[in-house]
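Undergrad: As input, take upload-v8.cif (mmCIF, C-alpha atoms):
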data_input
loop_
_atom_site.group_PDB
_atom_site.id
_atom_site.type_symbol
_atom_site.label_atom_id
_atom_site.label_comp_id
_atom_site.auth_asym_id
_atom_site.auth_seq_id
_atom_site.Cartn_x
_atom_site.Cartn_y
_atom_site.Cartn_z
ATOM 1 C CA MET C 1 10.627 27.207 20.780
ATOM 2 C CA ASN C 2 8.544 28.041 17.713
ATOM 3 C CA ARG C 3 8.735 25.801 14.694
ATOM 4 C CA SER C 4 10.403 28.546 12.702
ATOM 5 C CA ASP C 5 13.193 28.790 15.304
ATOM 6 C CA ARG C 6 14.225 25.147 15.121
ATOM 7 C CA THR C 7 17.668 24.680 13.637
ATOM 8 C CA LEU C 8 18.480 22.344 10.768
ATOM 9 C CA GLU C 9 21.982 21.213 9.869
ATOM 10 C CA ILE C 10 23.006 19.283 6.776
ATOM 11 C CA LEU C 11 25.892 16.894 7.380
ATOM 12 C CA MET C 12 28.061 15.964 4.404
ATOM 13 C CA ALA C 13 30.876 13.406 4.541
ATOM 14 C CA VAL C 14 33.227 13.705 1.567
ATOM 15 C CA TYR C 15 35.891 11.445 0.105
ATOM 16 C CA ASN C 16 37.300 11.982 -3.402
ATOM 17 C CA GLY C 17 34.094 13.556 -4.630
ATOM 18 C CA GLU C 18 35.345 16.278 -6.954
ATOM 19 C CA ALA C 19 33.516 14.900 -10.014
ATOM 20 C CA PHE C 20 30.046 15.527 -8.569
ATOM 21 C CA LEU C 21 30.550 17.684 -5.482
ATOM 22 C CA PRO C 22 29.910 21.148 -7.046
ATOM 23 C CA GLU C 23 26.607 20.018 -8.548
ATOM 24 C CA GLN C 24 25.409 18.702 -5.187
ATOM 25 C CA LEU C 25 26.503 21.834 -3.336
ATOM 26 C CA ASP C 26 24.752 24.049 -5.886
ATOM 27 C CA SER C 27 21.530 22.053 -5.471
ATOM 28 C CA ILE C 28 21.639 22.672 -1.705
ATOM 29 C CA LEU C 29 22.211 26.382 -2.235
ATOM 30 C CA CYS C 30 19.110 26.438 -4.467
ATOM 31 C CA GLN C 31 16.760 25.049 -1.811
ATOM 32 C CA SER C 32 13.421 26.840 -1.511
ATOM 33 C CA ASP C 33 13.755 26.729 2.293
ATOM 34 C CA GLY C 34 16.923 28.567 3.260
ATOM 35 C CA ARG C 35 16.777 27.767 6.993
ATOM 36 C CA TRP C 36 19.781 25.463 7.082
ATOM 37 C CA ARG C 37 23.496 25.294 7.654
ATOM 38 C CA LEU C 38 25.811 22.843 5.927
ATOM 39 C CA THR C 39 28.778 21.207 7.654
ATOM 40 C CA ILE C 40 31.234 19.403 5.380
ATOM 41 C CA SER C 41 33.912 17.019 6.613
ATOM 42 C CA ASP C 42 36.527 15.620 4.235
ATOM 43 C CA ASP C 43 38.010 12.186 4.956
ATOM 44 C CA GLY C 44 41.464 12.772 3.531
ATOM 45 C CA SER C 45 40.563 13.131 -0.148
ATOM 46 C CA THR C 46 43.454 12.882 -2.595
ATOM 47 C CA ASP C 47 41.647 14.648 -5.440
ATOM 48 C CA GLY C 48 40.448 18.244 -5.645
ATOM 49 C CA SER C 49 37.610 17.882 -3.120
ATOM 50 C CA GLY C 50 39.381 19.916 -0.448
ATOM 51 C CA ALA C 51 39.886 22.892 -2.743
ATOM 52 C CA ILE C 52 36.240 22.756 -3.852
ATOM 53 C CA ILE C 53 35.043 22.708 -0.234
ATOM 54 C CA ASP C 54 37.284 25.625 0.717
ATOM 55 C CA ASP C 55 36.032 27.641 -2.254
ATOM 56 C CA TYR C 56 32.373 27.181 -1.254
ATOM 57 C CA VAL C 57 33.150 27.990 2.397
ATOM 58 C CA ARG C 58 34.876 31.180 1.258
ATOM 59 C CA ARG C 59 31.940 32.207 -0.928
ATOM 60 C CA TYR C 60 29.169 31.238 1.518
ATOM 61 C CA PRO C 61 30.642 31.627 5.020
ATOM 62 C CA ASP C 62 27.228 32.202 6.604
ATOM 63 C CA ARG C 63 25.814 28.946 5.162
ATOM 64 C CA ILE C 64 28.675 26.457 4.803
ATOM 65 C CA ALA C 65 31.389 25.416 7.264
ATOM 66 C CA ARG C 66 34.208 22.906 6.940
ATOM 67 C CA TYR C 67 34.875 20.667 9.921
ATOM 68 C CA HIS C 68 38.437 19.405 10.381
ATOM 69 C CA SER C 69 38.309 16.219 12.431
ATOM 70 C CA GLY C 70 42.053 15.602 12.368
ATOM 71 C CA ARG C 71 41.493 11.898 11.781
ATOM 72 C CA ARG C 72 40.864 9.349 9.036
ATOM 73 C CA PHE C 73 37.633 7.373 9.148
ATOM 74 C CA GLY C 74 37.863 5.146 6.113
ATOM 75 C CA ASN C 75 34.103 4.633 5.787
ATOM 76 C CA ALA C 76 30.874 6.637 5.716
ATOM 77 C CA ARG C 77 29.423 4.874 8.769
ATOM 78 C CA ASP C 78 32.023 6.062 11.259
ATOM 79 C CA HIS C 79 32.316 9.448 9.569
ATOM 80 C CA PHE C 80 28.602 10.206 9.914
ATOM 81 C CA PHE C 81 28.408 8.887 13.485
ATOM 82 C CA TYR C 82 31.258 11.258 14.342
ATOM 83 C CA LEU C 83 29.488 14.224 12.743
ATOM 84 C CA MET C 84 26.196 13.377 14.463
ATOM 85 C CA ALA C 85 27.880 13.301 17.861
ATOM 86 C CA ARG C 86 29.176 16.831 17.336
ATOM 87 C CA CYS C 87 25.982 18.351 15.978
ATOM 88 C CA ASP C 88 23.482 20.068 18.286
ATOM 89 C CA ALA C 89 20.878 21.069 15.703
ATOM 90 C CA ASP C 90 17.211 20.260 16.230
ATOM 91 C CA TYR C 91 17.126 18.449 12.886
ATOM 92 C CA MET C 92 19.855 16.812 10.836
ATOM 93 C CA LEU C 93 19.835 15.855 7.161
ATOM 94 C CA PHE C 94 22.480 13.565 5.704
ATOM 95 C CA CYS C 95 24.052 14.433 2.398
ATOM 96 C CA ASP C 96 25.927 12.261 -0.089
ATOM 97 C CA GLN C 97 28.556 13.994 -2.193
ATOM 98 C CA ASP C 98 27.347 12.590 -5.504
ATOM 99 C CA ASP C 99 23.587 13.163 -5.445
ATOM 100 C CA VAL C 100 21.499 16.187 -6.431
ATOM 101 C CA TRP C 101 18.676 17.549 -4.281
ATOM 102 C CA TYR C 102 15.425 18.821 -5.725
ATOM 103 C CA PRO C 103 14.537 22.386 -4.634
ATOM 104 C CA ASP C 104 11.880 21.441 -2.049
ATOM 105 C CA LYS C 105 13.824 18.670 -0.283
ATOM 106 C CA VAL C 106 14.701 20.689 2.830
ATOM 107 C CA LEU C 107 11.247 22.301 2.962
ATOM 108 C CA LYS C 108 9.309 19.023 2.802
ATOM 109 C CA THR C 109 11.644 17.073 5.075
ATOM 110 C CA ARG C 110 11.606 19.830 7.690
ATOM 111 C CA LYS C 111 7.812 20.057 7.578
ATOM 112 C CA ALA C 112 7.447 16.303 8.094
ATOM 113 C CA LEU C 113 9.810 16.420 11.090
ATOM 114 C CA GLU C 114 8.013 19.426 12.577
ATOM 115 C CA ASP C 115 4.568 17.863 12.044
ATOM 116 C CA ALA C 116 5.716 14.649 13.723
ATOM 117 C CA GLU C 117 7.007 16.521 16.772
ATOM 118 C CA THR C 118 3.809 18.554 16.952
ATOM 119 C CA GLU C 119 1.810 15.315 17.064
ATOM 120 C CA TRP C 120 4.026 13.191 19.318
ATOM 121 C CA GLY C 121 6.253 15.666 21.150
ATOM 122 C CA ARG C 122 9.885 16.636 20.728
ATOM 123 C CA ASP C 123 11.096 13.727 22.881
ATOM 124 C CA MET C 124 9.791 11.238 20.315
ATOM 125 C CA PRO C 125 12.640 9.901 18.117
ATOM 126 C CA VAL C 126 11.666 10.648 14.499
ATOM 127 C CA LEU C 127 13.144 9.697 11.146
ATOM 128 C CA VAL C 128 11.792 11.066 7.873
ATOM 129 C CA PHE C 129 12.893 9.799 4.481
ATOM 130 C CA SER C 130 11.721 10.196 0.921
ATOM 131 C CA ASP C 131 11.809 8.362 -2.347
ATOM 132 C CA GLN C 132 14.580 9.237 -4.821
ATOM 133 C CA THR C 133 15.078 9.134 -8.573
ATOM 134 C CA PRO C 134 17.775 6.606 -9.543
ATOM 135 C CA THR C 135 19.922 7.971 -12.363
ATOM 136 C CA ASP C 136 23.131 7.182 -14.194
ATOM 137 C CA ALA C 137 26.265 9.288 -13.820
ATOM 138 C CA GLU C 138 24.909 11.918 -16.254
ATOM 139 C CA LEU C 139 21.601 12.154 -14.340
ATOM 140 C CA LYS C 140 19.620 10.188 -16.904
ATOM 141 C CA PRO C 141 16.766 8.536 -14.943
ATOM 142 C CA LEU C 142 16.903 4.756 -14.635
ATOM 143 C CA ALA C 143 13.403 4.595 -13.135
ATOM 144 C CA PRO C 144 10.862 7.032 -11.653
ATOM 145 C CA SER C 145 11.182 5.623 -8.125
ATOM 146 C CA LEU C 146 14.129 4.122 -6.248
ATOM 147 C CA MET C 147 11.828 2.372 -3.782
ATOM 148 C CA ARG C 148 9.909 0.601 -6.522
ATOM 149 C CA TYR C 149 13.052 -0.008 -8.593
ATOM 150 C CA GLN C 150 14.524 -1.906 -5.649
ATOM 151 C CA GLY C 151 11.252 -3.617 -4.692
ATOM 152 C CA GLN C 152 11.251 -2.041 -1.227
ATOM 153 C CA TYR C 153 8.270 -1.788 1.096
ATOM 154 C CA PHE C 154 7.070 1.470 2.632
ATOM 155 C CA SER C 155 3.564 0.863 3.996
ATOM 156 C CA HIS C 156 4.802 0.101 7.515
ATOM 157 C CA PHE C 157 8.112 -0.136 9.355
ATOM 158 C CA ASP C 158 8.761 -2.995 11.745
ATOM 159 C CA TYR C 159 12.244 -2.944 13.241
ATOM 160 C CA ARG C 160 12.515 -6.713 12.754
ATOM 161 C CA SER C 161 11.863 -6.333 9.023
ATOM 162 C CA LEU C 162 14.413 -3.545 8.855
ATOM 163 C CA LEU C 163 17.038 -5.746 10.497
ATOM 164 C CA MET C 164 16.564 -8.148 7.570
ATOM 165 C CA GLN C 165 16.348 -5.475 4.864
ATOM 166 C CA ASN C 166 17.092 -1.779 5.120
ATOM 167 C CA VAL C 167 14.853 0.450 3.006
ATOM 168 C CA VAL C 168 16.088 3.826 4.288
ATOM 169 C CA THR C 169 18.753 5.551 2.197
ATOM 170 C CA GLY C 170 20.965 7.935 4.169
ATOM 171 C CA GLY C 171 20.948 10.662 1.532
ATOM 172 C CA ALA C 172 17.136 10.728 1.603
ATOM 173 C CA MET C 173 16.888 10.939 5.375
ATOM 174 C CA GLY C 174 16.288 13.568 8.047
ATOM 175 C CA VAL C 175 16.216 12.940 11.813
ATOM 176 C CA ASN C 176 15.446 14.867 14.957
ATOM 177 C CA LYS C 177 17.700 15.407 17.963
ATOM 178 C CA ALA C 178 15.802 12.866 20.075
ATOM 179 C CA LEU C 179 16.694 10.080 17.654
ATOM 180 C CA VAL C 180 20.345 11.106 17.467
ATOM 181 C CA ARG C 181 20.584 11.104 21.255
ATOM 182 C CA LEU C 182 19.055 7.634 21.433
ATOM 183 C CA ALA C 183 20.907 6.046 18.507
ATOM 184 C CA GLY C 184 24.279 7.775 18.474
ATOM 185 C CA GLY C 185 27.031 6.151 20.489
ATOM 186 C CA ARG C 186 24.835 3.354 21.832
ATOM 187 C CA GLY C 187 25.971 0.471 19.686
ATOM 188 C CA ASP C 188 29.084 -1.555 18.942
ATOM 189 C CA THR C 189 30.117 0.430 15.881
ATOM 190 C CA PRO C 190 31.969 -2.438 14.102
ATOM 191 C CA GLY C 191 28.758 -4.470 14.417
ATOM 192 C CA ILE C 192 26.713 -1.739 12.734
ATOM 193 C CA ILE C 193 26.489 -2.059 8.957
ATOM 194 C CA MET C 194 25.661 1.580 8.151
ATOM 195 C CA HIS C 195 24.586 4.660 10.094
ATOM 196 C CA ASP C 196 21.318 5.023 8.155
ATOM 197 C CA TRP C 197 20.399 1.368 8.756
ATOM 198 C CA TRP C 198 21.034 1.715 12.502
ATOM 199 C CA LEU C 199 19.032 4.930 12.783
ATOM 200 C CA ALA C 200 16.123 3.314 10.926
ATOM 201 C CA VAL C 201 16.043 0.270 13.213
ATOM 202 C CA VAL C 202 16.189 2.418 16.356
ATOM 203 C CA ALA C 203 13.465 4.757 15.059
ATOM 204 C CA ALA C 204 11.211 1.850 14.068
ATOM 205 C CA ARG C 205 11.472 0.227 17.503
ATOM 206 C CA PHE C 206 11.442 3.263 19.793
ATOM 207 C CA GLY C 207 10.045 6.128 17.719
ATOM 208 C CA LYS C 208 8.426 6.960 14.403
ATOM 209 C CA ILE C 209 9.398 6.641 10.744
ATOM 210 C CA ILE C 210 7.641 8.850 8.212
ATOM 211 C CA TYR C 211 7.969 8.123 4.505
ATOM 212 C CA ILE C 212 7.426 10.808 1.869
ATOM 213 C CA ASP C 213 6.266 8.957 -1.243
ATOM 214 C CA GLU C 214 7.860 11.441 -3.609
ATOM 215 C CA PRO C 215 11.409 11.697 -4.977
ATOM 216 C CA LEU C 216 13.129 14.688 -3.351
ATOM 217 C CA GLY C 217 16.475 14.131 -5.022
ATOM 218 C CA VAL C 218 18.413 11.895 -7.370
ATOM 219 C CA TYR C 219 20.374 8.804 -6.401
ATOM 220 C CA ARG C 220 23.239 8.893 -8.850
ATOM 221 C CA GLN C 221 24.831 5.622 -9.973
ATOM 222 C CA HIS C 222 28.374 5.928 -11.275
ATOM 223 C CA GLY C 223 30.163 2.657 -10.490
ATOM 224 C CA GLU C 224 31.886 3.854 -7.313
ATOM 225 C CA ASN C 225 28.901 4.174 -4.982
ATOM 226 C CA ALA C 226 29.391 2.890 -1.443
ATOM 227 C CA VAL C 227 25.917 1.344 -1.773
ATOM 228 C CA GLY C 228 24.307 1.258 -5.201
ATOM 229 C CA ALA C 229 20.746 0.933 -6.468
ATOM 230 C CA LYS C 230 19.700 -2.573 -7.462
ATOM 231 C CA ASN C 231 16.958 -3.517 -9.910
ATOM 232 C CA VAL C 232 15.807 -6.562 -7.947
ATOM 233 C CA GLY C 233 13.212 -7.485 -10.552
ATOM 234 C CA SER C 234 15.751 -7.975 -13.309
ATOM 235 C CA ALA C 235 17.049 -11.324 -14.523
ATOM 236 C CA ALA C 236 20.606 -10.007 -14.245
ATOM 237 C CA TYR C 237 20.156 -9.350 -10.522
ATOM 238 C CA ALA C 238 18.733 -12.847 -9.947
ATOM 239 C CA LEU C 239 21.610 -14.482 -11.827
ATOM 240 C CA ASP C 240 24.128 -12.390 -9.930
ATOM 241 C CA ARG C 241 22.657 -13.514 -6.602
ATOM 242 C CA LEU C 242 22.671 -17.164 -7.687
ATOM 243 C CA GLY C 243 26.320 -16.878 -8.607
ATOM 244 C CA ALA C 244 27.290 -15.165 -5.379
ATOM 245 C CA ILE C 245 26.036 -17.479 -2.637
ATOM 246 C CA GLY C 246 29.100 -16.743 -0.541
ATOM 247 C CA SER C 247 28.530 -12.996 -0.593
ATOM 248 C CA VAL C 248 24.820 -13.455 0.207
ATOM 249 C CA ARG C 249 25.732 -15.589 3.208
ATOM 250 C CA HIS C 250 28.284 -12.978 4.276
ATOM 251 C CA SER C 251 25.611 -10.274 4.014
ATOM 252 C CA ILE C 252 23.213 -12.292 6.172
ATOM 253 C CA LEU C 253 25.887 -12.805 8.823
ATOM 254 C CA GLY C 254 26.437 -9.037 8.839
ATOM 255 C CA LYS C 255 22.728 -8.527 9.529
ATOM 256 C CA LYS C 256 22.919 -10.998 12.395
ATOM 257 C CA ALA C 257 25.898 -9.176 13.887
ATOM 258 C CA GLN C 258 23.995 -5.894 13.672
ATOM 259 C CA ALA C 259 20.978 -7.483 15.387
ATOM 260 C CA ARG C 260 23.236 -8.592 18.227
ATOM 261 C CA ALA C 261 24.702 -5.101 18.528
ATOM 262 C CA PHE C 262 21.160 -3.732 18.716
ATOM 263 C CA ARG C 263 20.095 -6.214 21.395
ATOM 264 C CA LEU C 264 23.117 -5.488 23.556
ATOM 265 C CA ALA C 265 22.784 -1.717 23.144
ATOM 266 C CA TYR C 266 19.085 -1.602 24.111
ATOM 267 C CA ARG C 267 18.586 -4.722 26.219
ATOM 268 C CA ASP C 268 17.261 -2.674 29.162
ATOM 269 C CA GLU C 269 14.522 -1.137 26.978
ATOM 270 C CA LEU C 270 13.548 -4.278 25.052
ATOM 271 C CA GLY C 271 10.786 -6.669 26.029
ATOM 272 C CA PRO C 272 10.835 -10.484 26.273
ATOM 273 C CA GLN C 273 9.415 -10.886 22.745
ATOM 274 C CA ASP C 274 12.177 -8.671 21.350
ATOM 275 C CA GLU C 275 14.781 -10.703 23.209
ATOM 276 C CA ARG C 276 13.461 -14.021 21.887
ATOM 277 C CA PHE C 277 13.387 -12.797 18.316
ATOM 278 C CA LEU C 278 16.842 -11.216 18.418
ATOM 279 C CA VAL C 279 18.580 -14.118 20.152
ATOM 280 C CA GLN C 280 17.198 -16.557 17.592
ATOM 281 C CA PHE C 281 17.963 -14.280 14.637
ATOM 282 C CA GLU C 282 21.544 -13.749 15.838
ATOM 283 C CA LYS C 283 22.372 -17.441 15.594
ATOM 284 C CA PRO C 284 24.614 -18.446 12.663
ATOM 285 C CA ARG C 285 21.673 -20.545 11.472
ATOM 286 C CA SER C 286 18.290 -19.413 12.710
ATOM 287 C CA GLY C 287 16.506 -22.382 11.151
ATOM 288 C CA LEU C 288 13.586 -22.835 8.782
ATOM 289 C CA ALA C 289 11.057 -22.838 11.632
ATOM 290 C CA PHE C 290 12.192 -19.364 12.705
ATOM 291 C CA TYR C 291 11.812 -17.894 9.230
ATOM 292 C CA TRP C 292 8.490 -19.640 8.706
ATOM 293 C CA ARG C 293 7.123 -18.045 11.903
ATOM 294 C CA HIS C 294 8.319 -14.627 10.756
ATOM 295 C CA LEU C 295 7.662 -14.975 7.029
ATOM 296 C CA GLY C 296 5.574 -11.802 6.982
ATOM 297 C CA LEU C 297 8.594 -9.766 8.076
ATOM 298 C CA ILE C 298 10.642 -10.733 5.022
ATOM 299 C CA HIS C 299 9.707 -8.886 1.845
ATOM 300 C CA GLY C 300 10.253 -10.392 -1.592
ATOM 301 C CA VAL C 301 10.246 -14.031 -2.705
ATOM 302 C CA LYS C 302 13.986 -14.070 -3.414
ATOM 303 C CA ARG C 303 14.808 -12.642 -0.002
ATOM 304 C CA LYS C 304 12.485 -15.099 1.761
ATOM 305 C CA ALA C 305 14.255 -17.978 0.019
ATOM 306 C CA GLY C 306 17.729 -16.615 0.646
ATOM 307 C CA MET C 307 17.147 -15.976 4.350
ATOM 308 C CA ALA C 308 15.525 -19.373 4.898
ATOM 309 C CA LEU C 309 18.185 -21.362 3.028
ATOM 310 C CA LEU C 310 21.305 -19.424 4.028
ATOM 311 C CA GLY C 311 20.375 -17.739 7.296
#
Using structure tokens, write down the structure that the file contains.
TA:
Amino acid sequence: MNRSDRTLEILMAVYNGEAFLPEQLDSILCQSDGRWRLTISDDGSTDGSGAIIDDYVRRYPDRIARYHSGRRFGNARDHFFYLMARCDADYMLFCDQDDVWYPDKVLKTRKALEDAETEWGRDMPVLVFSDQTPTDAELKPLAPSLMRYQGQYFSHFDYRSLLMQNVVTGGAMGVNKALVRLAGGRGDTPGIIMHDWWLAVVAARFGKIIYIDEPLGVYRQHGENAVGAKNVGSAAYALDRLGAIGSVRHSILGKKAQARAFRLAYRDELGPQDERFLVQFEKPRSGLAFYWRHLGLIHGVKRKAGMALLG
């Protein structure tokens, strides 16, 4: 199959998104690379999202389709896993209902996926993601770069680091079919925190992650985001973390549960060093000695302290 023949599908999971949905859909329709199809699935919205989706499907039947699952998911994780399992495209991009894509997002993400498969073969699991521009609800930029705003690393991707801190945002991500086949349906879904986090960990351990150090869309903050942008360098963020020890501990336990789900899902493909790390990390308290040995995997002084003291 030639590169130009490879199919690309955009998967959008919607729930009560009428306020921002048309703007996002219009930004997809304005992509410089038109080699895509968009599948939208609505999770029982009670606002006008359904009517908006139907209107776009009616106007662009050759580009946009609505998928009726006949079920209620209740969260983006299960919704996107469901859509992935039913998609047979060569490449998949994940789309949030409240963002806006820049015109070259599809073009540059597709090229990075194609280049990776040219270099490593189509059986290599590949994940590509880009930077984004964090904005407020009216699209006023909060910072030039989401990655730098959140103090996230992007020079290398070790799956152990990713288990402790995800840096891959679903709406900025594209994956190939090999990764979906390897990651989809392999884990204990309740133990998985988010679909993008799981895909990133699997790609880092068994495949390749490519980062595009350029914002290819906005990451809109409006107070109802499932996962919002955090200015980790601010005093307000530090004070919030100090006043929320219980929630930090709960977050760390969630990471440990996800690590266990990963170990159980891929235990036949993991080596002894992987097993030792994961078994120790899964423990309710991994211990200071464990975090000291793996200090280089934890990015940021605050996170190092939090993991060592509470994890």
Undergrad: Pick out the closest residue to Val202 (chain C) from this set: C:Asp55, C:Glu275, C:Asp158, C:Glu114. Count all atoms listed in the file.
TA: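 Looking only at the distances to Val202 (chain C), the closest residue turns out to be C:Asp158.
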Undergrad: Carefully work through the PyMOL selection byres ((chain C and resi 141) around 12) for this structure and note down the residues it includes, as an NGL selection string.
TA: :C and (132-140 or 142-146 or 149 or 215 or 217-221)
Undergrad: Find the spatial neighbours of Thr46 (chain C), counting only C-alpha atoms, within a cut-off of 10 Å - ignore same-chain residues fewer than 4 positions away - and output them as a count of residues only.
TA: 5
Undergrad: Could you jot down the CA of Arg77 (chain C) to CA of Leu297 (chain C) separation for me, Å, one decimal place?
TA: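 These two atoms are separated by 25.5 Å.
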Undergrad: I'd like the contact shell of Phe157 (chain C) - 12 Å cut-off, all atoms listed in the file, skipping same-chain residues fewer than 4 positions apart - returned as a PDB file with C-alpha atoms, in the frame of the given file.
TA:
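File written: out_33.pdb
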ATOM      1  CA  LEU C 127      13.144   9.697  11.146  1.00  0.00           C
ATOM      2  CA  VAL C 128      11.792  11.066   7.873  1.00  0.00           C
ATOM      3  CA  GLN C 152      11.251  -2.041  -1.227  1.00  0.00           C
ATOM      4  CA  TYR C 153       8.270  -1.788   1.096  1.00  0.00           C
ATOM      5  CA  SER C 161      11.863  -6.333   9.023  1.00  0.00           C
ATOM      6  CA  LEU C 162      14.413  -3.545   8.855  1.00  0.00           C
ATOM      7  CA  LEU C 163      17.038  -5.746  10.497  1.00  0.00           C
ATOM      8  CA  MET C 164      16.564  -8.148   7.570  1.00  0.00           C
ATOM      9  CA  GLN C 165      16.348  -5.475   4.864  1.00  0.00           C
ATOM     10  CA  ASN C 166      17.092  -1.779   5.120  1.00  0.00           C
ATOM     11  CA  VAL C 167      14.853   0.450   3.006  1.00  0.00           C
ATOM     12  CA  VAL C 168      16.088   3.826   4.288  1.00  0.00           C
ATOM     13  CA  ALA C 200      16.123   3.314  10.926  1.00  0.00           C
ATOM     14  CA  VAL C 201      16.043   0.270  13.213  1.00  0.00           C
ATOM     15  CA  VAL C 202      16.189   2.418  16.356  1.00  0.00           C
ATOM     16  CA  ALA C 203      13.465   4.757  15.059  1.00  0.00           C
ATOM     17  CA  ALA C 204      11.211   1.850  14.068  1.00  0.00           C
ATOM     18  CA  ARG C 205      11.472   0.227  17.503  1.00  0.00           C
ATOM     19  CA  PHE C 206      11.442   3.263  19.793  1.00  0.00           C
ATOM     20  CA  GLY C 207      10.045   6.128  17.719  1.00  0.00           C
ATOM     21  CA  LYS C 208       8.426   6.960  14.403  1.00  0.00           C
ATOM     22  CA  ILE C 209       9.398   6.641  10.744  1.00  0.00           C
ATOM     23  CA  ILE C 210       7.641   8.850   8.212  1.00  0.00           C
ATOM     24  CA  TYR C 211       7.969   8.123   4.505  1.00  0.00           C
ATOM     25  CA  LEU C 297       8.594  -9.766   8.076  1.00  0.00           C
ATOM     26  CA  ILE C 298      10.642 -10.733   5.022  1.00  0.00           C
ATOM     27  CA  HIS C 299       9.707  -8.886   1.845  1.00  0.00           C
TER      28      HIS C 299
END
Undergrad: When you look at Gly287 (chain C) with a cut-off of 8 Å (counting only C-alpha atoms), what residues show up, excluding the ones that are within fewer than 2 positions of it in the same chain? I need them as an mmCIF file with C-alpha atoms, keeping the file's coordinate frame.
TA:
data_model
loop_
_atom_site.group_PDB
_atom_site.id
_atom_site.type_symbol
_atom_site.label_atom_id
_atom_site.label_comp_id
_atom_site.auth_asym_id
_atom_site.auth_seq_id
_atom_site.Cartn_x
_atom_site.Cartn_y
_atom_site.Cartn_z
ATOM 1 C CA ARG C 285 21.673 -20.545 11.472
ATOM 2 C CA ALA C 289 11.057 -22.838 11.632
ATOM 3 C CA PHE C 290 12.192 -19.364 12.705
ATOM 4 C CA TYR C 291 11.812 -17.894 9.230
ATOM 5 C CA ALA C 308 15.525 -19.373 4.898
ATOM 6 C CA GLY C 311 20.375 -17.739 7.296
#
Undergrad: Name the closest residue to Asp131 (chain C) among the candidates C:Tyr266, C:Trp36, C:Tyr159, C:Tyr102; distances are taken between atoms, counting only C-alpha atoms.
TA: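 Looking only at the distances to Asp131 (chain C), the closest residue turns out to be C:Tyr102.
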Undergrad: If you apply the PyMOL selection byres ((chain C and resi 38) around 12) to this file, what residues do you get, as a PyMOL selection string?
TA: chain C and resi 7-13+24-26+28-29+34-37+39-41+53+56-57+60-67+83+87+89+91-95+106
Undergrad: Go through C:Leu216, C:Leu199, C:Leu295, C:Met307 one by one, measure the shortest atom-to-atom distance of each to Val248 (chain C) using all atoms listed in the file, and give the residue with the smallest value.
TA: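 Looking at the shortest contact to Val248 (chain C), the residue is C:Met307.
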Undergrad: Of the candidates C:Ile192, C:Met124, C:Ala19, C:Ile245, which shows the shortest atom-to-atom distance to Val180 (chain C), using all atoms listed in the file?
TA: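 Ranking C:Ile192, C:Met124, C:Ala19, C:Ile245 by distance to Val180 (chain C), first place goes to C:Met124.
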Undergrad: Point out the residue among C:Ala116, C:Arg86, C:Asp196, C:Gln150 with the least atom-to-atom distance to Gly300 (chain C), counting all atoms listed in the file.
TA: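 Closest candidate: C:Gln150.
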Undergrad: Hey, can you check how far CA of Phe129 (chain C) sits from CA of Ser4 (chain C)?
TA: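 CA of Phe129 (chain C) sits 20.6 Å away from CA of Ser4 (chain C).
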Undergrad: Counting all atoms listed in the file, which of C:Gln280, C:Ser45, C:Ser247, C:Gln258 gets nearest to Met194 (chain C)?
TA: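 Of the candidates, the smallest distance to Met194 (chain C) is held by C:Gln258.
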Undergrad: Could you pull out every residue with an atom within 12 Å of (29.5, 11.5, 18.4), file coordinates, counting only C-alpha atoms, and send them as a PyMOL selection string?
TA: chain C and resi 69+77-88+180-187+189+195
Undergrad: In Å, rounded to a single decimal, give me how far CA of His250 (chain C) is from CA of Phe277 (chain C).
TA: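 We find that CA of Phe277 (chain C) and CA of His250 (chain C) lie 20.5 Å from each other.
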